[in-house]
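J.: Pasting data_8.cif below, which is mmCIF, C-alpha atoms.
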```cif
data_query
#
loop_
_atom_site.label_atom_id
_atom_site.label_comp_id
_atom_site.auth_asym_id
_atom_site.auth_seq_id
_atom_site.Cartn_x
_atom_site.Cartn_y
_atom_site.Cartn_z
CA MET A 29 -11.63 -30.95 -25.18
CA THR A 30 -8.54 -30.00 -27.19
CA ASN A 31 -7.31 -31.31 -30.50
CA GLU A 32 -3.73 -31.58 -29.32
CA THR A 33 -1.80 -34.67 -30.31
CA PRO A 34 0.55 -36.61 -28.04
CA ASP A 35 3.43 -34.87 -29.82
CA ASP A 36 1.89 -31.47 -29.04
CA LEU A 37 1.57 -32.39 -25.38
CA SER A 38 5.14 -33.71 -25.29
CA ARG A 39 6.49 -30.50 -26.85
CA HIS A 40 4.51 -28.44 -24.34
CA ALA A 41 5.88 -30.47 -21.42
CA THR A 42 9.45 -30.04 -22.70
CA LYS A 43 8.93 -26.30 -23.15
CA MET A 44 7.52 -25.90 -19.62
CA ALA A 45 10.35 -27.97 -18.13
CA LYS A 46 12.91 -25.65 -19.77
CA LYS A 47 11.00 -22.61 -18.54
CA LYS A 48 10.91 -24.03 -14.99
CA ALA A 49 14.65 -24.75 -15.06
CA ALA A 50 15.36 -21.20 -16.21
CA ARG A 51 13.04 -19.80 -13.56
CA ASP A 52 14.61 -21.94 -10.83
CA LYS A 53 18.05 -20.71 -11.89
CA ILE A 54 16.93 -17.08 -11.59
CA MET A 55 15.23 -17.69 -8.23
CA ALA A 56 18.39 -19.29 -6.84
CA THR A 57 20.15 -15.91 -7.20
CA LYS A 58 17.43 -14.08 -5.21
CA THR A 59 18.57 -14.65 -1.67
CA ASP A 60 18.35 -11.17 -0.16
CA LYS A 61 15.52 -10.27 2.23
CA ARG A 62 14.85 -6.78 3.53
CA GLY A 63 12.05 -4.41 4.34
CA LEU A 64 10.63 -2.77 1.24
CA ILE A 65 9.37 0.71 0.48
CA ILE A 66 6.24 0.12 -1.59
CA VAL A 67 4.29 2.84 -3.43
CA HIS A 68 0.80 2.49 -4.90
CA THR A 69 -0.10 5.50 -7.02
CA GLY A 70 -1.98 6.50 -10.17
CA LYS A 71 -5.47 7.67 -11.07
CA GLY A 72 -7.04 4.21 -11.10
CA LYS A 73 -8.91 2.45 -8.30
CA GLY A 74 -7.33 -0.12 -6.05
CA LYS A 75 -4.36 1.62 -4.44
CA SER A 76 -5.58 1.33 -0.85
CA SER A 77 -7.38 -1.95 -1.54
CA ALA A 78 -4.15 -3.59 -2.71
CA ALA A 79 -2.29 -2.20 0.28
CA PHE A 80 -4.89 -3.54 2.70
CA GLY A 81 -4.53 -6.91 0.99
CA MET A 82 -0.93 -6.98 2.20
CA ILE A 83 -1.97 -5.86 5.68
CA PHE A 84 -4.45 -8.75 5.85
CA ARG A 85 -1.71 -11.12 4.71
CA CYS A 86 0.40 -9.95 7.66
CA ILE A 87 -2.56 -10.45 9.98
CA ALA A 88 -3.12 -13.95 8.59
CA HIS A 89 0.52 -14.79 9.33
CA ASP A 90 0.19 -13.30 12.83
CA MET A 91 2.71 -10.59 11.96
CA LYS A 92 2.32 -7.32 13.82
CA CYS A 93 1.44 -4.40 11.54
CA ALA A 94 -0.13 -0.95 11.60
CA VAL A 95 -2.20 1.47 9.51
CA VAL A 96 -2.22 5.26 9.52
CA GLN A 97 -4.89 6.94 7.39
CA PHE A 98 -3.85 10.46 6.43
CA ILE A 99 -6.98 11.72 4.67
CA LYS A 100 -10.02 9.53 5.24
CA GLY A 101 -12.08 10.76 8.17
CA GLY A 102 -14.44 9.06 10.57
CA MET A 103 -16.48 7.32 7.86
CA SER A 104 -16.90 3.60 8.51
CA THR A 105 -15.04 1.31 6.12
CA GLY A 106 -14.96 -2.46 5.90
CA GLU A 107 -11.20 -2.69 6.43
CA ARG A 108 -11.20 -0.40 9.43
CA ASP A 109 -14.21 -2.04 11.08
CA LEU A 110 -12.82 -5.55 10.57
CA ILE A 111 -9.36 -4.71 11.90
CA LEU A 112 -10.65 -2.78 14.92
CA GLY A 113 -13.28 -5.39 15.67
CA LYS A 114 -11.29 -8.57 15.17
CA PHE A 115 -7.56 -7.93 14.82
CA SER A 116 -6.68 -4.89 16.93
CA ASP A 117 -4.22 -7.02 18.91
CA THR A 118 -2.21 -7.63 15.73
CA CYS A 119 -2.78 -4.42 13.77
CA GLU A 120 -2.88 -0.89 15.16
CA PHE A 121 -5.26 1.32 13.20
CA HIS A 122 -5.14 5.13 13.34
CA THR A 123 -7.49 7.32 11.32
CA MET A 124 -5.79 10.69 11.64
CA GLY A 125 -7.41 12.72 8.85
CA GLU A 126 -10.77 14.43 8.95
CA GLY A 127 -11.82 13.84 5.36
CA PHE A 128 -10.77 14.95 1.91
CA THR A 129 -9.42 18.48 1.58
CA TRP A 130 -12.47 19.74 -0.31
CA GLU A 131 -14.66 18.59 2.58
CA THR A 132 -12.72 20.15 5.46
CA GLN A 133 -12.02 23.46 3.65
CA ASP A 134 -9.60 24.34 6.44
CA LYS A 135 -5.99 24.22 5.21
CA SER A 136 -4.38 24.96 8.57
CA ARG A 137 -6.37 22.17 10.20
CA ASP A 138 -5.50 19.77 7.36
CA ILE A 139 -1.80 20.56 7.81
CA GLU A 140 -2.06 20.06 11.55
CA MET A 141 -3.73 16.67 11.16
CA ALA A 142 -1.29 15.55 8.44
CA GLN A 143 1.66 16.47 10.66
CA ALA A 144 0.13 14.55 13.58
CA ALA A 145 -0.41 11.54 11.31
CA TRP A 146 3.23 11.67 10.19
CA GLU A 147 4.45 11.78 13.78
CA LYS A 148 2.33 8.69 14.57
CA ALA A 149 3.61 6.99 11.42
CA LYS A 150 7.23 7.59 12.43
CA ASP A 151 6.62 6.06 15.87
CA LEU A 152 5.05 2.97 14.31
CA ILE A 153 7.79 2.57 11.69
CA ARG A 154 10.52 2.93 14.31
CA ASP A 155 9.01 0.03 16.26
CA PRO A 156 10.89 -3.02 14.91
CA SER A 157 8.11 -5.34 16.03
CA ASN A 158 5.91 -3.98 13.21
CA HIS A 159 6.40 -6.13 10.13
CA MET A 160 4.53 -3.66 7.91
CA VAL A 161 3.18 -0.11 8.24
CA LEU A 162 0.63 1.24 5.77
CA LEU A 163 0.52 5.01 5.25
CA ASP A 164 -2.81 5.29 3.50
CA GLU A 165 -3.27 8.37 1.25
CA ILE A 166 -0.03 9.97 2.44
CA ASN A 167 0.71 10.92 -1.16
CA ILE A 168 -2.19 13.37 -1.07
CA ALA A 169 -0.73 15.08 1.99
CA LEU A 170 2.66 15.17 0.28
CA ARG A 171 1.16 16.54 -2.93
CA TYR A 172 -0.25 19.55 -1.07
CA ASP A 173 3.02 19.96 0.87
CA TYR A 174 1.27 19.35 4.20
CA ILE A 175 4.29 17.16 4.94
CA ASP A 176 7.82 17.83 3.69
CA ILE A 177 8.74 15.19 1.10
CA ASN A 178 12.44 15.58 1.94
CA GLU A 179 11.74 14.75 5.57
CA VAL A 180 9.78 11.64 4.56
CA VAL A 181 12.48 10.43 2.17
CA THR A 182 15.27 11.05 4.69
CA PHE A 183 13.37 9.27 7.46
CA LEU A 184 12.63 6.21 5.30
CA ALA A 185 16.24 6.04 4.11
CA GLU A 186 17.87 6.55 7.50
CA GLU A 187 15.49 5.45 10.26
CA LYS A 188 13.29 2.68 8.90
CA PRO A 189 14.31 -0.65 10.46
CA ASP A 190 15.94 -2.97 7.93
CA MET A 191 13.15 -5.57 7.95
CA THR A 192 10.13 -3.27 8.12
CA HIS A 193 7.95 -2.87 5.04
CA VAL A 194 6.35 0.55 4.51
CA VAL A 195 3.49 0.98 2.04
CA LEU A 196 2.53 4.46 0.85
CA THR A 197 -0.64 5.04 -1.16
CA GLY A 198 -2.35 7.84 -3.03
CA ARG A 199 -2.28 9.35 -6.49
CA ASN A 200 0.43 11.76 -7.68
CA ALA A 201 3.33 10.19 -5.78
CA LYS A 202 6.29 12.56 -5.65
CA GLU A 203 9.29 11.71 -7.82
CA GLU A 204 11.55 11.78 -4.76
CA LEU A 205 9.48 9.00 -3.20
CA ILE A 206 9.39 6.95 -6.39
CA GLU A 207 13.17 7.25 -6.61
CA ILE A 208 13.82 5.60 -3.23
CA ALA A 209 11.01 3.02 -3.45
CA ASP A 210 11.72 -0.66 -4.07
CA LEU A 211 8.33 -1.36 -5.64
CA VAL A 212 6.10 1.16 -7.41
CA THR A 213 2.76 0.30 -8.97
CA GLU A 214 0.74 2.81 -10.95
CA MET A 215 -2.97 2.07 -11.15
CA GLU A 216 -4.21 3.12 -14.59
CA LEU A 217 -7.76 4.38 -14.99
CA ILE A 218 -9.51 2.91 -18.03
CA LYS A 219 -13.16 3.00 -16.94
CA HIS A 220 -14.85 4.10 -13.72
CA PRO A 221 -18.54 3.75 -12.76
CA PHE A 222 -18.56 7.24 -11.20
CA ARG A 223 -18.39 8.66 -14.72
CA SER A 224 -21.62 6.82 -15.48
CA GLY A 225 -23.40 8.32 -12.49
CA ILE A 226 -22.79 5.43 -10.08
CA LYS A 227 -21.72 6.50 -6.61
CA ALA A 228 -19.28 4.70 -4.32
CA GLN A 229 -20.80 1.46 -3.04
CA ILE A 230 -20.33 -0.53 0.12
CA GLY A 231 -18.20 -3.62 -0.39
CA VAL A 232 -16.50 -2.10 -3.43
CA GLU A 233 -15.15 1.28 -2.38
CA PHE A 234 -15.49 1.05 1.42
#
```
Output the structure of this file as structure tokens.
T.:
Amino acid sequence: MTNETPDDLSRHATKMAKKKAARDKIMATKTDKRGLIIVHTGKGKGKSSAAFGMIFRCIAHDMKCAVVQFIKGGMSTGERDLILGKFSDTCEFHTMGEGFTWETQDKSRDIEMAQAAWEKAKDLIRDPSNHMVLLDEINIALRYDYIDINEVVTFLAEEKPDMTHVVLTGRNAKEELIEIADLVTEMELIKHPFRSGIKAQIGVEF
């Protein structure tokens, strides 16, 4: 229960009406539609989770899409299991990495797998029937120079179909990628349960 008077409510309604009119005027100028280059980076959690949220939106709208995981290995995850089990006809899913670099301890093998993942990613992006392609943790492969950032930037600028969205995740996104991206979100780490001795948990991290 509020203590607002009828005058307060009337002023609020007038204010919101003006705000809506201004918003509608701005929205009327936004008529362009095109495929976006979207980057999720930063030290905080949620980069891949947010990207998979968009993939599931595509699936919900029956829009063809695809996922290439550059780092994560054969470990079962909720997103992967759900897509492969229920939506493989709408979303291709390729886990190309063999785990984090400190787990494999084989740089030449990591480079080989990252290059193979990039080749698969290019094939999927070139396919105009894919509404969105998620390149999960590609920024890690780029950070270690397993893939040439200039090649990635040139490909996205010159070969990506006009209406295809490409989402690239992972911390430490290269400046060259940020420069060409349409949307960049940096996840900021404020608190993390791992620092309190809590390990990754099913339903939260995977």
J.: Near A:Thr182, within 12 Å and counting all atoms listed in the file, which residues show up once chain neighbours fewer than 5 positions away are dropped, as a PyMOL selection string?
T.: chain A and resi 150+176-177+187-188+204-205+208
J.: Using the chain letters and numbers from the file, give me the residues hit by the PyMOL selection byres ((chain A and resi 68) around 10), as a list in words.
T.: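 After applying the PyMOL selection byres ((chain A and resi 68) around 10), what remains is Ile66, Val67, Thr69, Gly70, Gly74, Lys75, Ser76, Ser77, Ala78, Ala79, Asp164, Glu165, Asn167, Val195, Leu196, Thr197, Gly198, Arg199, Asn200, Ala201, Ile206, Leu211, Val212, Thr213, Glu214 and Met215 of chain A.
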J.: How far is it from atom CA of A:Leu184 to atom CA of A:Glu147, in Å with one decimal?
T.: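 Atom-to-atom, atom CA of A:Leu184 and atom CA of A:Glu147 are spaced 13.0 Å apart.
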J.: So which residues are close to (5.1, -3.3, 7.3), meaning at most 12 Å away in the file's coordinates with only C-alpha atoms counted, and can you show them as number ranges by chain?
T.: A: 62-66, 79-80, 82-87, 91-96, 118-120, 149, 152-163, 188-196
J.: For stretch 219-232 of chain A, please output as a PyMOL selection string all residues within 12 Å (counting all atoms listed in the file; exclusion window: fewer than 6 positions along the same chain).
T.: chain A and resi 71-74+76-77+103-107
J.: Pick the closest to A:Lys100 from A:Ala41, A:Asp117, A:Met124, A:Arg137: which is it, counting all atoms listed in the file?
T.: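 Closest candidate: A:Met124.
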J.: Give me, please, the distance in Å between atom CA of A:Arg108 and atom CA of A:Ile175, quoted to one decimal.
T.: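 Separating atom CA of A:Arg108 from atom CA of A:Ile175 is a distance of 23.8 Å.
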J.: Quick one: of A:Ala49, A:Asp60, A:Glu140, A:Ser116, who's nearest to A:Ile99, counting only C-alpha atoms?
T.: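 Checking each of A:Ala49, A:Asp60, A:Glu140, A:Ser116 against A:Ile99, counting only C-alpha atoms, the winner is A:Glu140.
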J.: Could you please determine the separation between atom CA of A:Ala185 and atom CA of A:Phe98 in Å, to one decimal place?
T.: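 That distance, rounded to one decimal, is 20.7 Å.
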J.: Return the single residue from A:Asp109, A:Asp138, A:Asp90, A:Glu207 that is closest to A:Tyr174, with distances computed using only C-alpha atoms.
T.: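 Answer, going by the shortest atom-to-atom distance: A:Asp138.
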J.: Restricting the calculation to all atoms listed in the file: of A:Gly81, A:Asp173, A:Glu216, A:Ala145, which residue gets closest to A:Gln97?
T.: A:Ala145
J.: From the options A:Ala209, A:Lys135, A:Gly125, A:Glu186, which residue's atoms come nearest to A:Ile166, counting all atoms listed in the file?
T.: A:Gly125
J.: Determine the nearest neighbour of A:Val180 from the options A:Trp146, A:Ile168, A:Arg51, A:Thr123, counting only C-alpha atoms.
T.: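 Smallest separation from A:Val180 among the options: A:Trp146.
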